[in-house]
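Accompanying notes for the structure given below.
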Amino acid sequence: MMAMDRRQFLKIAGLSALLGLGGKTAFQWLAPGEAEATLQQAPMIAGKKWGMALDLNLLDEEIMSKCIQACHSYYNVPNIGNPKEELKWIWKETYEHSFPGQENEFLAEKFHGRHFLLLCNHCTNPPCCRACPTKATWKREDGIVMMDMHRCIGCRFCMAACPFGARSFNWGDPRLAPKALNPNFPTNPEMPTRSKGVVEKCQFCAERLAKGQMPACVEAANKIKPNAMVFGDLDVSDSNIRKLLRSRYSIRRKPELGTGPNVYYIL
Amino acid sequence: MYDRGKIVTGIVIGLLLFLFPVFYNVGRAAKEPDPLLTDKAKQAKECIEPKAVMTSEHMKILDEWRQTVVRDNMRDYKSTNGKTYYKSLQLTCMDCHSNKTKFCDQCHNYMAVAPYCWDCHIAPKENG
């Protein structure tokens, strides 16, 4: 048998490369869409995309406290009294801690010393959901990053994955939280508490939305200052939130990480 | 056989220890469970499904509820009796069966099953 010469080798290599390039097209023709979906791990968004806009000119410390109180009492989130074991669905933070990398020494005076209201960003591309080994947290088709406490095994991978610190771990039974700090716990007998060893976070009030109600924090804020917080569908171009975002300048937390936060802050 | 006496005694003592629970519990059968219906449950006359189905299948129904509610956001249960119920252990089931200790716990204790529903879900307050 004759050994392959240089010319033959190049011909075969060239042909193989051409076939290889055609491979992807063939795959698409045989199984349309599937290749992309498996390659990108695309989030399951179909049509709807819940989002929130917080107007920081209207939200003062008192309203923010009311929002936190409304949320935490509705969802039976106890005050543990120890910052290391803190449970929070919505909380206050300074400008430097809310928007790291954006701080500078000539920051507008109105942001000095004031707090921002932070919550789960219900990211378009949530890293927590990719980290979860049991699919206890996943992205719903309406954009909500949901938690299934029945499935959570408490591994806390999601907490490590979340760049916003939006997730809290139950180090102990929340019903054993100090009575002095939680006199009427559980505050809402219609909602469950959580158990020891699960992770919890804001769920954009998924079961309130199912009943046609606004999230608890939005309701509490707007009772005091209308339009202080706007909740709506970012996928509908004439929704309240889209109209607001069109007309006002807004920023998001750590957009450079590419998670696509859906909570907007109007300055 | 060497040490026959010691071995036989050992076996007898071992057997006695092994069978101790049987002798100890002879004639002391656990009380049969007697789940008690509240007045509200009695008045309603029917649960979401016929009684026989509820007795044998309630755990499967509840498991299906928690899956479909939390994961699929489908919160209404179409019963075979034609009615629609809001799928919620805490709000729907415990609304009628508000006596957990005298209803749920009766059979669960007898069967030595410990469902962890109540680690999170809040049982209604019972008086007395």
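Every chain in the structure tokens has a letter given in the order shown (A, B, ...), and although residue numbers restart at 1 in each chain, ligands are simply numbered from 1 in the order shown.
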
All helix (DSSP H, G or I) positions in chain B, as a PDB file with C-alpha atoms, in the first residue's frame:
```pdb
ATOM      1  CA  ARG B   4     -22.125 -26.551  76.903  1.00  0.00           C
ATOM      2  CA  GLY B   5     -23.664 -25.046  80.013  1.00  0.00           C
ATOM      3  CA  LYS B   6     -22.372 -21.545  79.332  1.00  0.00           C
ATOM      4  CA  ILE B   7     -23.357 -21.595  75.647  1.00  0.00           C
ATOM      5  CA  VAL B   8     -26.906 -22.844  76.260  1.00  0.00           C
ATOM      6  CA  THR B   9     -27.425 -20.313  79.053  1.00  0.00           C
ATOM      7  CA  GLY B  10     -26.130 -17.604  76.763  1.00  0.00           C
ATOM      8  CA  ILE B  11     -28.465 -18.621  73.974  1.00  0.00           C
ATOM      9  CA  VAL B  12     -31.455 -18.752  76.326  1.00  0.00           C
ATOM     10  CA  ILE B  13     -30.659 -15.310  77.765  1.00  0.00           C
ATOM     11  CA  GLY B  14     -30.161 -13.947  74.249  1.00  0.00           C
ATOM     12  CA  LEU B  15     -33.468 -15.348  73.062  1.00  0.00           C
ATOM     13  CA  LEU B  16     -35.261 -13.950  76.091  1.00  0.00           C
ATOM     14  CA  LEU B  17     -33.783 -10.500  75.449  1.00  0.00           C
ATOM     15  CA  PHE B  18     -34.675 -10.738  71.785  1.00  0.00           C
ATOM     16  CA  LEU B  19     -38.267 -11.742  72.510  1.00  0.00           C
ATOM     17  CA  PHE B  20     -38.660  -9.352  75.432  1.00  0.00           C
ATOM     18  CA  PRO B  21     -40.731  -6.800  73.438  1.00  0.00           C
ATOM     19  CA  VAL B  22     -43.186  -9.564  72.493  1.00  0.00           C
ATOM     20  CA  PHE B  23     -43.720 -10.720  76.085  1.00  0.00           C
ATOM     21  CA  TYR B  24     -43.735  -7.150  77.354  1.00  0.00           C
ATOM     22  CA  ASN B  25     -46.508  -6.069  75.002  1.00  0.00           C
ATOM     23  CA  ASP B  39     -68.280  19.806  63.794  1.00  0.00           C
ATOM     24  CA  LYS B  40     -67.385  21.775  60.689  1.00  0.00           C
ATOM     25  CA  ALA B  41     -66.096  18.632  58.963  1.00  0.00           C
ATOM     26  CA  LYS B  42     -69.227  16.698  59.973  1.00  0.00           C
ATOM     27  CA  GLN B  43     -71.499  19.408  58.610  1.00  0.00           C
ATOM     28  CA  ALA B  44     -69.647  19.485  55.311  1.00  0.00           C
ATOM     29  CA  LYS B  51     -63.855   8.971  52.332  1.00  0.00           C
ATOM     30  CA  ALA B  52     -62.245   5.720  51.138  1.00  0.00           C
ATOM     31  CA  VAL B  53     -60.108   7.623  48.624  1.00  0.00           C
ATOM     32  CA  MET B  54     -59.078  10.171  51.232  1.00  0.00           C
ATOM     33  CA  THR B  55     -58.099   7.478  53.728  1.00  0.00           C
ATOM     34  CA  SER B  56     -55.821   5.646  51.358  1.00  0.00           C
ATOM     35  CA  GLU B  57     -54.718   8.412  48.973  1.00  0.00           C
ATOM     36  CA  HIS B  58     -54.522  11.668  50.959  1.00  0.00           C
ATOM     37  CA  MET B  59     -50.745  11.549  51.105  1.00  0.00           C
ATOM     38  CA  LYS B  60     -50.514  11.168  47.339  1.00  0.00           C
ATOM     39  CA  ILE B  61     -52.991  13.997  46.803  1.00  0.00           C
ATOM     40  CA  LEU B  62     -51.007  16.252  49.130  1.00  0.00           C
ATOM     41  CA  ASP B  63     -47.772  15.345  47.384  1.00  0.00           C
ATOM     42  CA  GLU B  64     -49.331  16.177  44.030  1.00  0.00           C
ATOM     43  CA  TRP B  65     -50.665  19.443  45.419  1.00  0.00           C
ATOM     44  CA  ARG B  66     -47.322  20.637  46.679  1.00  0.00           C
ATOM     45  CA  GLN B  67     -45.679  19.770  43.371  1.00  0.00           C
ATOM     46  CA  THR B  68     -48.258  21.413  41.144  1.00  0.00           C
ATOM     47  CA  VAL B  69     -48.740  24.500  43.334  1.00  0.00           C
ATOM     48  CA  VAL B  70     -45.108  25.336  43.994  1.00  0.00           C
ATOM     49  CA  ARG B  71     -43.597  24.216  40.728  1.00  0.00           C
ATOM     50  CA  ASP B  72     -46.362  24.719  38.160  1.00  0.00           C
ATOM     51  CA  LEU B  89     -52.877  22.094  53.371  1.00  0.00           C
ATOM     52  CA  GLN B  90     -52.842  25.024  55.741  1.00  0.00           C
ATOM     53  CA  LEU B  91     -55.841  26.921  54.369  1.00  0.00           C
ATOM     54  CA  THR B  92     -58.121  24.232  52.899  1.00  0.00           C
ATOM     55  CA  CYS B  93     -57.501  20.938  54.724  1.00  0.00           C
ATOM     56  CA  MET B  94     -56.924  22.462  58.138  1.00  0.00           C
ATOM     57  CA  ASP B  95     -59.932  24.731  57.745  1.00  0.00           C
ATOM     58  CA  CYS B  96     -62.247  21.774  58.421  1.00  0.00           C
ATOM     59  CA  CYS B 104     -54.026  13.635  61.683  1.00  0.00           C
ATOM     60  CA  ASP B 105     -51.903  12.460  64.582  1.00  0.00           C
ATOM     61  CA  GLN B 106     -54.267   9.588  65.460  1.00  0.00           C
ATOM     62  CA  CYS B 107     -53.295   7.398  62.520  1.00  0.00           C
ATOM     63  CA  HIS B 108     -49.835   8.860  62.005  1.00  0.00           C
ATOM     64  CA  ASN B 109     -48.798   7.928  65.543  1.00  0.00           C
ATOM     65  CA  TYR B 110     -50.420   4.481  65.282  1.00  0.00           C
ATOM     66  CA  CYS B 117     -45.402  18.875  56.872  1.00  0.00           C
ATOM     67  CA  TRP B 118     -45.585  20.587  60.249  1.00  0.00           C
ATOM     68  CA  ASP B 119     -41.944  21.601  60.329  1.00  0.00           C
ATOM     69  CA  CYS B 120     -43.028  24.483  58.104  1.00  0.00           C
TER      70      CYS B 120
END
```

Determine, using only C-alpha atoms, which residues of range 11-105 of chain B have any atom at most 12 Å from an atom of range 211-223 of chain A, and tabulate each with its shortest atom pair and distance in Å to one decimal place, rows ordered by chain and then rising number, as JSON lines.
```
{"residue": "B:Asn73", "atom": "CA", "partner": "A:Lys211", "partner_atom": "CA", "distance": 11.1}
{"residue": "B:Met74", "atom": "CA", "partner": "A:Lys211", "partner_atom": "CA", "distance": 11.6}
{"residue": "B:Arg75", "atom": "CA", "partner": "A:Lys211", "partner_atom": "CA", "distance": 9.8}
{"residue": "B:Asp76", "atom": "CA", "partner": "A:Lys211", "partner_atom": "CA", "distance": 11.5}
{"residue": "B:Tyr86", "atom": "CA", "partner": "A:Lys211", "partner_atom": "CA", "distance": 11.1}
```

Would you return as a VMD selection string the members of range 1-122 of chain B that DSSP assigns to strand (DSSP E) on this structure's backbone? chain B and resid 76 to 78 84 to 86

For the residues in the current selection, export N, CA and C atoms as a PDB file, in the first residue's frame.
```pdb
ATOM      1  N   ASP B  76     -55.653  25.366  41.696  1.00  0.00           N
ATOM      2  CA  ASP B  76     -57.023  24.880  41.884  1.00  0.00           C
ATOM      3  C   ASP B  76     -57.095  23.380  41.659  1.00  0.00           C
ATOM      4  N   TYR B  77     -57.851  22.719  42.534  1.00  0.00           N
ATOM      5  CA  TYR B  77     -58.012  21.270  42.433  1.00  0.00           C
ATOM      6  C   TYR B  77     -59.430  20.972  41.970  1.00  0.00           C
ATOM      7  N   LYS B  78     -59.535  20.292  40.806  1.00  0.00           N
ATOM      8  CA  LYS B  78     -60.850  19.894  40.300  1.00  0.00           C
ATOM      9  C   LYS B  78     -61.163  18.536  40.895  1.00  0.00           C
ATOM     10  N   THR B  84     -64.427  22.793  42.876  1.00  0.00           N
ATOM     11  CA  THR B  84     -63.032  23.218  42.771  1.00  0.00           C
ATOM     12  C   THR B  84     -62.565  23.669  44.147  1.00  0.00           C
ATOM     13  N   TYR B  85     -61.399  23.214  44.528  1.00  0.00           N
ATOM     14  CA  TYR B  85     -60.845  23.579  45.827  1.00  0.00           C
ATOM     15  C   TYR B  85     -59.508  24.264  45.647  1.00  0.00           C
ATOM     16  N   TYR B  86     -59.184  25.188  46.579  1.00  0.00           N
ATOM     17  CA  TYR B  86     -57.878  25.852  46.589  1.00  0.00           C
ATOM     18  C   TYR B  86     -56.882  24.890  47.216  1.00  0.00           C
TER      19      TYR B  86
END
```

Atom pair CA of Asn262 in chain A / CA of Trp50 in chain A: separation (Å):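 Distance reported for this atom pair: 7.5 Å.
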
Pull out every residue of chain A that has at least one atom within 7 Å of chain B, counting only C-alpha atoms, and report them as a list of chain:residue names.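 In the required form, that comes to A:Asp148, A:Pro189, A:Glu190, A:Pro192, A:Thr193, A:Arg194, A:Ser195.
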
Identify, on the basis of only C-alpha atoms, every residue whose closest approach to Cys129 in chain A does not exceed 9 Å; exclude the query and any residue fewer than 3 positions from it along the same chain; express the result as a CSV table (one decimal) with N, CA and C atoms, in the first residue's frame.
```csv
chain,number,residue,atom,x,y,z
A,125,ASN,N,-30.7,35.7,34.1
A,125,ASN,CA,-29.8,34.6,33.9
A,125,ASN,C,-29.3,34.2,35.3
A,126,PRO,N,-30.1,33.6,36.1
A,126,PRO,CA,-29.8,33.5,37.6
A,126,PRO,C,-28.7,32.4,37.8
A,132,CYS,N,-27.9,25.1,41.9
A,132,CYS,CA,-28.7,24.2,42.7
A,132,CYS,C,-28.7,22.8,42.2
A,133,PRO,N,-28.3,21.8,43.0
A,133,PRO,CA,-28.2,20.5,42.6
A,133,PRO,C,-29.5,19.7,42.5
A,135,LYS,N,-32.6,21.3,41.8
A,135,LYS,CA,-33.7,22.2,41.2
A,135,LYS,C,-34.7,22.7,42.2
A,136,ALA,N,-34.2,22.9,43.4
A,136,ALA,CA,-35.1,23.4,44.4
A,136,ALA,C,-35.3,24.9,44.2
A,137,THR,N,-34.4,25.5,43.4
A,137,THR,CA,-34.6,26.9,43.0
A,137,THR,C,-34.5,26.9,41.5
A,138,TRP,N,-35.5,27.6,40.8
A,138,TRP,CA,-35.5,27.5,39.4
A,138,TRP,C,-36.2,28.8,38.9
A,139,LYS,N,-36.0,29.1,37.6
A,139,LYS,CA,-36.6,30.3,37.0
A,139,LYS,C,-37.9,29.9,36.4
A,145,VAL,N,-37.7,33.9,40.1
A,145,VAL,CA,-36.8,32.9,40.6
A,145,VAL,C,-37.4,32.3,41.9
A,158,CYS,N,-26.4,27.9,46.2
A,158,CYS,CA,-27.1,29.0,45.7
A,158,CYS,C,-26.6,30.3,46.3
A,161,ALA,N,-23.4,31.2,45.0
A,161,ALA,CA,-23.5,31.7,43.6
A,161,ALA,C,-24.2,33.1,43.5
```

Show me, as an MDAnalysis selection string, the residues that have an atom within 10 Å of Thr259 in chain A when counting only C-alpha atoms, minus same-chain residues fewer than 5 positions from it. chainID A and resid 121:128 162:163 253:254

Atomic separation - CA of Cys67 in chain A relative to CA of Ala108 in chain A, Å: 25.0 Å

Extract, using only C-alpha atoms, all DNA, RNA and protein residues at most 10 Å from Ser79 in chain B, discarding same-chain residues fewer than 4 positions from it, and format them as a VMD selection string. chain B and resid 47 to 50 83 to 85

Could you please take those selected residues and save N, CA and C atoms as a compact mmCIF listing (two decimals), in the first residue's frame?
```txt
# COMPACT_ATOMS: atom_id res chain seq x y z
N CYS B 47 -65.55 15.21 52.02
CA CYS B 47 -64.23 15.83 51.88
C CYS B 47 -64.05 16.15 50.39
N ILE B 48 -62.84 16.43 49.97
CA ILE B 48 -62.65 16.78 48.57
C ILE B 48 -62.82 15.58 47.65
N GLU B 49 -62.65 14.38 48.21
CA GLU B 49 -62.90 13.13 47.49
C GLU B 49 -63.64 12.21 48.46
N PRO B 50 -64.24 11.08 47.97
CA PRO B 50 -64.92 10.17 48.90
C PRO B 50 -64.00 9.68 50.02
N LYS B 83 -66.58 19.92 42.26
CA LYS B 83 -66.24 21.20 42.89
C LYS B 83 -64.76 21.51 42.69
N THR B 84 -64.43 22.79 42.88
CA THR B 84 -63.03 23.22 42.77
C THR B 84 -62.57 23.67 44.15
N TYR B 85 -61.40 23.21 44.53
CA TYR B 85 -60.84 23.58 45.83
C TYR B 85 -59.51 24.26 45.65
```

Leaving out Asn79 in chain A and any residue of its chain fewer than 4 positions from it, which residues lie within 10 Å of it when counting only C-alpha atoms, given as a PyMOL selection string? chain A and resi 72+83+85-88+174+177-182+185

Please determine, counting only C-alpha atoms, which residue among B:Ala114, B:Lys87, B:Phe103, B:Glu126 has the shortest atom-to-atom distance to Asp34 in chain B.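 Closest residue, counting only C-alpha atoms: B:Phe103.
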